[in-house]
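Below is one structure; the comments refer to it alone.
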Amino acid sequence: MVRKLNLGGTFVCDRGLRSGDLDVYVEYTGTAVSAVFHEKVPNDPAQALARARELYAAGQLSVLEPLGFNNTFTILVRGADARERGLRTIDDLRPLAPAWKPGFGYEFIQREDGYPGLVKTYGLQFSAAPRGMDLSLIYRALAERQVDVIAGDATSALIASLDLAPLADTRHYFPPYDAIPVARAASLLREPRMRRAFARLAGRISDSDMRTLNAAVDLERRDAREVVRAFLAKLT
């Protein structure tokens, strides 16, 4: 097997898959439906997966079982606050919102499917407008108590390292970005071991697992191959 890394994102990988330069790569359901096929993403994860499968199948591409983690937006609070106040879902923020300072990325604040829709869906009434800031600074701003609640990346390594707590999106406001292997149908027929390898991982990599793996590589500077080998050894 030949691995090709740092290819530059979805569009490069999608072209490589369709041209035969790639046999398989991992995409996200939300990205596939919206960016690759230019459709609105269903908020229900099962529907988003089904739609991605339908769209890829028309091009002789197969979507294998999701790996388990959802790399979508996640609402975060400090871990200490979550433990002390029993915060588990975004709904739990409602009584706290008037006294808490929100902070979000500039684009998230402006987009209708970002902050405006979030507060409407969950009935959140913050006393002040959210503080806009760069996404690279937002996690530390929360940890350092400059703000009290943010929207971050569900698999960011900083969530664990800064002791932040993700709140469950029980109303499915954020579109799902479940990780899915997308493969050429011909490649799966030619190399059945590929399907078996991904089947071993199906549903077994959680958001928490990805945060831990990302932290090991991005923050601890450990070799990615060794990190993955150790993780796979635990699955056996």
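Identifiers in this document derive from the order of the structure tokens: chains are assigned A, B, ..., residues are numbered from 1 separately in each chain, and ligands are numbered from 1 in order of occurrence.
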I'd like the neighbourhood of region 178-191 of chain A as an mmCIF file with all heavy atoms, in the first residue's frame, where a residue qualifies if any of its atoms comes within 9 Å (using only C-alpha atoms), though same-chain residues fewer than 6 positions away should be ignored.
data_model
loop_
_atom_site.group_PDB
_atom_site.id
_atom_site.type_symbol
_atom_site.label_atom_id
_atom_site.label_comp_id
_atom_site.auth_asym_id
_atom_site.auth_seq_id
_atom_site.Cartn_x
_atom_site.Cartn_y
_atom_site.Cartn_z
ATOM 1 N N LEU A 17 -9.353 10.340 -6.597
ATOM 2 C CA LEU A 17 -10.165 9.131 -6.524
ATOM 3 C C LEU A 17 -10.831 8.851 -7.862
ATOM 4 O O LEU A 17 -10.820 7.714 -8.363
ATOM 5 C CB LEU A 17 -11.223 9.307 -5.428
ATOM 6 C CG LEU A 17 -11.878 8.055 -4.867
ATOM 7 C CD1 LEU A 17 -10.861 7.188 -4.141
ATOM 8 C CD2 LEU A 17 -13.004 8.447 -3.904
ATOM 9 N N ARG A 18 -11.376 9.873 -8.470
ATOM 10 C CA ARG A 18 -12.101 9.694 -9.723
ATOM 11 C C ARG A 18 -11.165 9.395 -10.897
ATOM 12 O O ARG A 18 -11.556 8.713 -11.853
ATOM 13 C CB ARG A 18 -12.956 10.931 -10.013
ATOM 14 C CG ARG A 18 -14.059 11.131 -8.984
ATOM 15 C CD ARG A 18 -14.831 12.420 -9.181
ATOM 16 N NE ARG A 18 -15.725 12.700 -8.066
ATOM 17 C CZ ARG A 18 -16.929 12.171 -7.913
ATOM 18 N NH1 ARG A 18 -17.394 11.342 -8.828
ATOM 19 N NH2 ARG A 18 -17.676 12.466 -6.863
ATOM 20 N N GLY A 20 -8.367 7.702 -10.585
ATOM 21 C CA GLY A 20 -7.672 6.443 -10.352
ATOM 22 C C GLY A 20 -6.323 6.610 -9.695
ATOM 23 O O GLY A 20 -5.646 5.619 -9.412
ATOM 24 N N LEU A 22 -5.951 7.652 -6.699
ATOM 25 C CA LEU A 22 -6.187 7.181 -5.339
ATOM 26 C C LEU A 22 -7.207 6.053 -5.373
ATOM 27 O O LEU A 22 -8.090 6.038 -6.237
ATOM 28 C CB LEU A 22 -6.730 8.309 -4.456
ATOM 29 C CG LEU A 22 -5.848 9.539 -4.222
ATOM 30 C CD1 LEU A 22 -6.599 10.555 -3.361
ATOM 31 C CD2 LEU A 22 -4.529 9.156 -3.572
ATOM 32 N N ASP A 23 -7.085 5.132 -4.441
ATOM 33 C CA ASP A 23 -8.056 4.048 -4.319
ATOM 34 C C ASP A 23 -9.073 4.328 -3.220
ATOM 35 O O ASP A 23 -10.233 3.921 -3.323
ATOM 36 C CB ASP A 23 -7.343 2.724 -4.007
ATOM 37 C CG ASP A 23 -6.494 2.248 -5.165
ATOM 38 O OD1 ASP A 23 -7.049 2.047 -6.258
ATOM 39 O OD2 ASP A 23 -5.274 2.081 -4.969
ATOM 40 N N VAL A 24 -8.654 5.025 -2.174
ATOM 41 C CA VAL A 24 -9.533 5.284 -1.044
ATOM 42 C C VAL A 24 -9.005 6.466 -0.254
ATOM 43 O O VAL A 24 -7.789 6.690 -0.204
ATOM 44 C CB VAL A 24 -9.651 4.028 -0.139
ATOM 45 C CG1 VAL A 24 -8.295 3.640 0.440
ATOM 46 C CG2 VAL A 24 -10.675 4.236 0.969
ATOM 47 N N TYR A 25 -9.893 7.243 0.317
ATOM 48 C CA TYR A 25 -9.496 8.264 1.278
ATOM 49 C C TYR A 25 -10.667 8.504 2.221
ATOM 50 O O TYR A 25 -11.802 8.093 1.938
ATOM 51 C CB TYR A 25 -9.052 9.560 0.585
ATOM 52 C CG TYR A 25 -10.153 10.512 0.173
ATOM 53 C CD1 TYR A 25 -10.461 11.641 0.933
ATOM 54 C CD2 TYR A 25 -10.888 10.305 -1.002
ATOM 55 C CE1 TYR A 25 -11.463 12.520 0.546
ATOM 56 C CE2 TYR A 25 -11.884 11.182 -1.390
ATOM 57 C CZ TYR A 25 -12.169 12.288 -0.602
ATOM 58 O OH TYR A 25 -13.161 13.146 -0.984
ATOM 59 N N VAL A 26 -10.411 9.146 3.340
ATOM 60 C CA VAL A 26 -11.456 9.395 4.337
ATOM 61 C C VAL A 26 -12.004 10.808 4.161
ATOM 62 O O VAL A 26 -11.258 11.784 4.204
ATOM 63 C CB VAL A 26 -10.924 9.203 5.768
ATOM 64 C CG1 VAL A 26 -11.998 9.582 6.792
ATOM 65 C CG2 VAL A 26 -10.487 7.755 5.975
ATOM 66 N N GLU A 27 -13.307 10.883 3.951
ATOM 67 C CA GLU A 27 -14.012 12.152 3.791
ATOM 68 C C GLU A 27 -15.008 12.293 4.932
ATOM 69 O O GLU A 27 -15.122 11.404 5.780
ATOM 70 C CB GLU A 27 -14.731 12.159 2.420
ATOM 71 C CG GLU A 27 -15.360 13.478 2.016
ATOM 72 C CD GLU A 27 -14.412 14.640 2.114
ATOM 73 O OE1 GLU A 27 -13.727 14.938 1.121
ATOM 74 O OE2 GLU A 27 -14.378 15.257 3.194
ATOM 75 N N TYR A 28 -15.718 13.417 4.983
ATOM 76 C CA TYR A 28 -16.766 13.641 5.982
ATOM 77 C C TYR A 28 -18.101 13.789 5.261
ATOM 78 O O TYR A 28 -18.176 14.393 4.187
ATOM 79 C CB TYR A 28 -16.469 14.892 6.803
ATOM 80 C CG TYR A 28 -15.162 14.821 7.538
ATOM 81 C CD1 TYR A 28 -14.067 15.577 7.126
ATOM 82 C CD2 TYR A 28 -15.000 13.978 8.638
ATOM 83 C CE1 TYR A 28 -12.851 15.496 7.787
ATOM 84 C CE2 TYR A 28 -13.796 13.895 9.303
ATOM 85 C CZ TYR A 28 -12.721 14.655 8.882
ATOM 86 O OH TYR A 28 -11.518 14.564 9.541
ATOM 87 N N THR A 29 -19.157 13.252 5.866
ATOM 88 C CA THR A 29 -20.461 13.278 5.198
ATOM 89 C C THR A 29 -20.894 14.693 4.847
ATOM 90 O O THR A 29 -21.349 14.961 3.737
ATOM 91 C CB THR A 29 -21.536 12.602 6.071
ATOM 92 O OG1 THR A 29 -21.498 13.177 7.396
ATOM 93 C CG2 THR A 29 -21.319 11.101 6.166
ATOM 94 N N GLY A 30 -20.764 15.616 5.798
ATOM 95 C CA GLY A 30 -21.176 16.989 5.540
ATOM 96 C C GLY A 30 -20.388 17.639 4.433
ATOM 97 O O GLY A 30 -20.941 18.351 3.578
ATOM 98 N N PRO A 45 -27.816 12.469 10.956
ATOM 99 C CA PRO A 45 -26.614 11.766 10.508
ATOM 100 C C PRO A 45 -26.890 10.605 9.558
ATOM 101 O O PRO A 45 -26.160 10.409 8.575
ATOM 102 C CB PRO A 45 -25.976 11.272 11.813
ATOM 103 C CG PRO A 45 -26.472 12.224 12.851
ATOM 104 C CD PRO A 45 -27.865 12.577 12.431
ATOM 105 N N ALA A 48 -27.760 12.006 6.169
ATOM 106 C CA ALA A 48 -26.572 12.560 5.506
ATOM 107 C C ALA A 48 -25.709 11.439 4.946
ATOM 108 O O ALA A 48 -25.190 11.543 3.825
ATOM 109 C CB ALA A 48 -25.778 13.410 6.495
ATOM 110 N N LEU A 49 -25.557 10.365 5.706
ATOM 111 C CA LEU A 49 -24.780 9.218 5.228
ATOM 112 C C LEU A 49 -25.447 8.584 4.016
ATOM 113 O O LEU A 49 -24.781 8.275 3.015
ATOM 114 C CB LEU A 49 -24.638 8.196 6.355
ATOM 115 C CG LEU A 49 -23.992 6.858 5.987
ATOM 116 C CD1 LEU A 49 -22.563 7.058 5.494
ATOM 117 C CD2 LEU A 49 -24.019 5.910 7.189
ATOM 118 N N TYR A 56 -22.265 9.363 -4.303
ATOM 119 C CA TYR A 56 -21.002 8.740 -4.721
ATOM 120 C C TYR A 56 -21.241 7.529 -5.622
ATOM 121 O O TYR A 56 -20.477 7.273 -6.559
ATOM 122 C CB TYR A 56 -20.193 8.305 -3.500
ATOM 123 C CG TYR A 56 -19.360 9.401 -2.884
ATOM 124 C CD1 TYR A 56 -19.555 9.798 -1.568
ATOM 125 C CD2 TYR A 56 -18.341 10.029 -3.615
ATOM 126 C CE1 TYR A 56 -18.770 10.800 -0.992
ATOM 127 C CE2 TYR A 56 -17.549 11.023 -3.045
ATOM 128 C CZ TYR A 56 -17.780 11.403 -1.741
ATOM 129 O OH TYR A 56 -16.998 12.393 -1.173
ATOM 130 N N ALA A 57 -22.302 6.770 -5.341
ATOM 131 C CA ALA A 57 -22.574 5.554 -6.115
ATOM 132 C C ALA A 57 -22.760 5.860 -7.592
ATOM 133 O O ALA A 57 -22.406 5.045 -8.456
ATOM 134 C CB ALA A 57 -23.799 4.844 -5.558
ATOM 135 N N GLY A 59 -21.088 7.703 -9.332
ATOM 136 C CA GLY A 59 -19.766 7.782 -9.959
ATOM 137 C C GLY A 59 -18.934 6.541 -9.739
ATOM 138 O O GLY A 59 -17.697 6.598 -9.822
ATOM 139 N N GLN A 60 -19.580 5.434 -9.414
ATOM 140 C CA GLN A 60 -18.892 4.159 -9.185
ATOM 141 C C GLN A 60 -17.934 4.232 -7.996
ATOM 142 O O GLN A 60 -16.864 3.621 -7.992
ATOM 143 C CB GLN A 60 -18.134 3.709 -10.448
ATOM 144 C CG GLN A 60 -18.994 3.545 -11.686
ATOM 145 C CD GLN A 60 -20.092 2.516 -11.477
ATOM 146 O OE1 GLN A 60 -19.841 1.383 -11.063
ATOM 147 N NE2 GLN A 60 -21.337 2.917 -11.747
ATOM 148 N N LEU A 61 -18.340 4.983 -6.995
ATOM 149 C CA LEU A 61 -17.559 5.104 -5.764
ATOM 150 C C LEU A 61 -18.395 4.573 -4.606
ATOM 151 O O LEU A 61 -19.609 4.772 -4.564
ATOM 152 C CB LEU A 61 -17.168 6.557 -5.510
ATOM 153 C CG LEU A 61 -16.348 7.231 -6.622
ATOM 154 C CD1 LEU A 61 -16.125 8.699 -6.295
ATOM 155 C CD2 LEU A 61 -15.010 6.516 -6.815
ATOM 156 N N SER A 62 -17.740 3.905 -3.678
ATOM 157 C CA SER A 62 -18.444 3.268 -2.564
ATOM 158 C C SER A 62 -18.099 3.944 -1.242
ATOM 159 O O SER A 62 -16.934 4.230 -0.969
ATOM 160 C CB SER A 62 -18.056 1.779 -2.474
ATOM 161 O OG SER A 62 -18.434 1.088 -3.642
ATOM 162 N N VAL A 63 -19.115 4.175 -0.439
ATOM 163 C CA VAL A 63 -18.924 4.706 0.909
ATOM 164 C C VAL A 63 -18.991 3.534 1.879
ATOM 165 O O VAL A 63 -20.019 2.849 1.968
ATOM 166 C CB VAL A 63 -19.995 5.750 1.251
ATOM 167 C CG1 VAL A 63 -19.896 6.160 2.725
ATOM 168 C CG2 VAL A 63 -19.847 6.979 0.363
ATOM 169 N N LEU A 64 -17.913 3.302 2.602
ATOM 170 C CA LEU A 64 -17.874 2.222 3.582
ATOM 171 C C LEU A 64 -18.462 2.718 4.905
ATOM 172 O O LEU A 64 -18.855 3.860 5.045
ATOM 173 C CB LEU A 64 -16.434 1.743 3.752
ATOM 174 C CG LEU A 64 -15.739 1.309 2.453
ATOM 175 C CD1 LEU A 64 -14.329 0.829 2.728
ATOM 176 C CD2 LEU A 64 -16.552 0.222 1.745
ATOM 177 N N GLU A 65 -18.515 1.840 5.892
ATOM 178 C CA GLU A 65 -19.137 2.188 7.167
ATOM 179 C C GLU A 65 -18.374 3.318 7.860
ATOM 180 O O GLU A 65 -17.143 3.350 7.831
ATOM 181 C CB GLU A 65 -19.194 0.970 8.081
ATOM 182 C CG GLU A 65 -20.233 -0.053 7.654
ATOM 183 C CD GLU A 65 -21.634 0.545 7.621
ATOM 184 O OE1 GLU A 65 -22.074 1.087 8.651
ATOM 185 O OE2 GLU A 65 -22.283 0.487 6.552
ATOM 186 N N PRO A 66 -19.082 4.263 8.494
ATOM 187 C CA PRO A 66 -18.417 5.362 9.195
ATOM 188 C C PRO A 66 -17.444 4.857 10.250
ATOM 189 O O PRO A 66 -17.669 3.811 10.879
ATOM 190 C CB PRO A 66 -19.583 6.116 9.839
ATOM 191 C CG PRO A 66 -20.762 5.785 8.989
ATOM 192 C CD PRO A 66 -20.551 4.361 8.544
ATOM 193 N N LEU A 67 -16.376 5.613 10.452
ATOM 194 C CA LEU A 67 -15.343 5.211 11.402
ATOM 195 C C LEU A 67 -15.758 5.454 12.849
ATOM 196 O O LEU A 67 -15.189 4.853 13.762
ATOM 197 C CB LEU A 67 -14.044 5.964 11.112
ATOM 198 C CG LEU A 67 -13.440 5.704 9.721
ATOM 199 C CD1 LEU A 67 -12.177 6.528 9.529
ATOM 200 C CD2 LEU A 67 -13.161 4.225 9.517
ATOM 201 N N GLY A 68 -16.712 6.368 13.059
ATOM 202 C CA GLY A 68 -17.205 6.573 14.415
ATOM 203 C C GLY A 68 -17.145 7.993 14.920
ATOM 204 O O GLY A 68 -17.939 8.384 15.775
ATOM 205 N N PHE A 69 -16.197 8.796 14.426
ATOM 206 C CA PHE A 69 -16.101 10.160 14.938
ATOM 207 C C PHE A 69 -16.747 11.162 13.990
ATOM 208 O O PHE A 69 -16.832 10.952 12.790
ATOM 209 C CB PHE A 69 -14.650 10.553 15.238
ATOM 210 C CG PHE A 69 -13.734 10.624 14.034
ATOM 211 C CD1 PHE A 69 -13.521 11.824 13.379
ATOM 212 C CD2 PHE A 69 -13.062 9.497 13.584
ATOM 213 C CE1 PHE A 69 -12.673 11.903 12.282
ATOM 214 C CE2 PHE A 69 -12.206 9.564 12.497
ATOM 215 C CZ PHE A 69 -12.008 10.774 11.840
ATOM 216 N N ASN A 70 -17.228 12.244 14.590
ATOM 217 C CA ASN A 70 -17.958 13.280 13.866
ATOM 218 C C ASN A 70 -17.191 14.591 14.018
ATOM 219 O O ASN A 70 -17.205 15.199 15.085
ATOM 220 C CB ASN A 70 -19.367 13.409 14.449
ATOM 221 C CG ASN A 70 -20.183 14.507 13.787
ATOM 222 O OD1 ASN A 70 -19.850 14.984 12.702
ATOM 223 N ND2 ASN A 70 -21.260 14.915 14.436
ATOM 224 N N ASN A 71 -16.509 15.021 12.970
ATOM 225 C CA ASN A 71 -15.643 16.201 13.037
ATOM 226 C C ASN A 71 -16.422 17.470 12.697
ATOM 227 O O ASN A 71 -16.084 18.212 11.786
ATOM 228 C CB ASN A 71 -14.456 16.045 12.087
ATOM 229 C CG ASN A 71 -13.371 17.065 12.370
ATOM 230 O OD1 ASN A 71 -13.160 17.449 13.500
ATOM 231 N ND2 ASN A 71 -12.692 17.506 11.331
ATOM 232 N N THR A 72 -17.466 17.719 13.462
ATOM 233 C CA THR A 72 -18.316 18.877 13.220
ATOM 234 C C THR A 72 -17.992 19.974 14.224
ATOM 235 O O THR A 72 -17.068 19.840 15.039
ATOM 236 C CB THR A 72 -19.800 18.487 13.322
ATOM 237 O OG1 THR A 72 -20.619 19.578 12.933
ATOM 238 C CG2 THR A 72 -20.154 18.058 14.738
ATOM 239 N N PHE A 198 -10.978 -1.623 6.694
ATOM 240 C CA PHE A 198 -11.835 -0.545 7.164
ATOM 241 C C PHE A 198 -12.987 -1.076 8.006
ATOM 242 O O PHE A 198 -13.464 -0.381 8.912
ATOM 243 C CB PHE A 198 -12.347 0.273 5.983
ATOM 244 C CG PHE A 198 -11.341 1.277 5.484
ATOM 245 C CD1 PHE A 198 -10.675 1.064 4.280
ATOM 246 C CD2 PHE A 198 -11.049 2.409 6.212
ATOM 247 C CE1 PHE A 198 -9.744 1.972 3.814
ATOM 248 C CE2 PHE A 198 -10.111 3.335 5.762
ATOM 249 C CZ PHE A 198 -9.453 3.119 4.569
#
DSSP-assigned strand (DSSP E or B) among region 38-174 of chain A, expressed as a PyMOL selection string: chain A and resi 61-63+70+73-78+89+102-105+131-133+149-153+164-168
Create the file for the chosen residues now, containing N, CA and C atoms and written as a CSV table (one decimal), in the first residue's frame.
chain,number,residue,atom,x,y,z
A,61,LEU,N,-18.3,5.0,-7.0
A,61,LEU,CA,-17.6,5.1,-5.8
A,61,LEU,C,-18.4,4.6,-4.6
A,62,SER,N,-17.7,3.9,-3.7
A,62,SER,CA,-18.4,3.3,-2.6
A,62,SER,C,-18.1,3.9,-1.2
A,63,VAL,N,-19.1,4.2,-0.4
A,63,VAL,CA,-18.9,4.7,0.9
A,63,VAL,C,-19.0,3.5,1.9
A,70,ASN,N,-17.2,12.2,14.6
A,70,ASN,CA,-18.0,13.3,13.9
A,70,ASN,C,-17.2,14.6,14.0
A,73,PHE,N,-18.7,21.1,14.2
A,73,PHE,CA,-18.6,22.1,15.2
A,73,PHE,C,-19.1,21.4,16.6
A,74,THR,N,-18.5,21.9,17.6
A,74,THR,CA,-19.0,21.4,18.9
A,74,THR,C,-18.9,22.6,19.9
A,75,ILE,N,-20.0,22.8,20.7
A,75,ILE,CA,-20.0,23.8,21.7
A,75,ILE,C,-19.2,23.4,22.9
A,76,LEU,N,-18.3,24.2,23.3
A,76,LEU,CA,-17.4,23.9,24.4
A,76,LEU,C,-17.5,24.8,25.6
A,77,VAL,N,-17.3,24.2,26.8
A,77,VAL,CA,-17.2,25.0,28.0
A,77,VAL,C,-16.0,24.5,28.8
A,78,ARG,N,-15.6,25.2,29.8
A,78,ARG,CA,-14.4,24.7,30.6
A,78,ARG,C,-14.9,23.4,31.3
A,89,THR,N,-25.3,18.9,27.8
A,89,THR,CA,-25.9,19.3,26.5
A,89,THR,C,-25.9,20.8,26.3
A,102,PRO,N,-20.1,34.7,25.6
A,102,PRO,CA,-19.9,33.8,24.4
A,102,PRO,C,-18.7,34.3,23.6
A,103,GLY,N,-18.0,33.4,22.9
A,103,GLY,CA,-17.0,33.8,22.0
A,103,GLY,C,-16.9,32.9,20.8
A,104,PHE,N,-17.0,33.4,19.6
A,104,PHE,CA,-17.0,32.5,18.4
A,104,PHE,C,-16.2,33.1,17.3
A,105,GLY,N,-15.9,32.3,16.3
A,105,GLY,CA,-15.1,32.7,15.2
A,105,GLY,C,-16.0,33.7,14.4
A,131,ARG,N,-18.2,37.7,21.5
A,131,ARG,CA,-16.9,38.2,21.1
A,131,ARG,C,-16.4,37.5,19.9
A,132,GLY,N,-16.0,38.2,18.9
A,132,GLY,CA,-15.5,37.6,17.7
A,132,GLY,C,-14.0,37.5,17.8
A,133,MET,N,-13.4,36.3,17.4
A,133,MET,CA,-12.0,36.1,17.5
A,133,MET,C,-11.5,35.1,16.5
A,149,VAL,N,-18.1,30.3,26.7
A,149,VAL,CA,-18.6,29.2,25.9
A,149,VAL,C,-18.1,29.6,24.4
A,150,ILE,N,-17.7,28.5,23.7
A,150,ILE,CA,-17.2,28.7,22.3
A,150,ILE,C,-17.7,27.6,21.4
A,151,ALA,N,-17.6,27.8,20.1
A,151,ALA,CA,-17.8,26.7,19.1
A,151,ALA,C,-16.5,26.3,18.6
A,152,GLY,N,-16.1,25.1,18.7
A,152,GLY,CA,-14.8,24.6,18.2
A,152,GLY,C,-14.9,23.4,17.3
A,153,ASP,N,-13.8,22.9,17.0
A,153,ASP,CA,-13.7,21.7,16.2
A,153,ASP,C,-13.8,20.4,17.1
A,164,LEU,N,-11.2,21.1,28.3
A,164,LEU,CA,-12.5,21.7,27.8
A,164,LEU,C,-13.5,20.6,27.7
A,165,ALA,N,-14.8,20.9,27.8
A,165,ALA,CA,-15.8,19.9,27.7
A,165,ALA,C,-16.8,20.2,26.6
A,166,PRO,N,-17.0,19.2,25.7
A,166,PRO,CA,-18.0,19.4,24.6
A,166,PRO,C,-19.4,19.1,25.1
A,167,LEU,N,-20.3,19.9,24.6
A,167,LEU,CA,-21.7,19.7,25.0
A,167,LEU,C,-22.5,19.0,23.9
A,168,ALA,N,-23.3,18.1,24.2
A,168,ALA,CA,-24.0,17.3,23.1
A,168,ALA,C,-25.0,18.2,22.4
Contacts of Pro98 (chain A) at 10 Å (only C-alpha atoms; same-chain gap of 6+ positions) as a PyMOL selection string: chain A and resi 124-128
Selection: 8 Å around Tyr139 (chain A), only C-alpha atoms, excl. self and same-chain fewer than 2 positions, as a list in words: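 The residues satisfying every condition are Leu135, Ser136, Leu137, Ala141, Leu142, Ala143, Ile150, Gly152, Leu158, Ile159 and Leu162 of chain A.
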Closest pair table for region 82-167 of chain A residues within 7 Å of region 204-219 of chain A, only C-alpha atoms, as JSON lines:
{"residue": "A:Ala154", "atom": "CA", "partner": "A:Asp207", "partner_atom": "CA", "distance": 6.7}
{"residue": "A:Thr155", "atom": "CA", "partner": "A:Arg211", "partner_atom": "CA", "distance": 4.8}
{"residue": "A:Ser156", "atom": "CA", "partner": "A:Arg211", "partner_atom": "CA", "distance": 5.6}
{"residue": "A:Ala157", "atom": "CA", "partner": "A:Ala215", "partner_atom": "CA", "distance": 4.4}
{"residue": "A:Ala160", "atom": "CA", "partner": "A:Arg211", "partner_atom": "CA", "distance": 6.8}
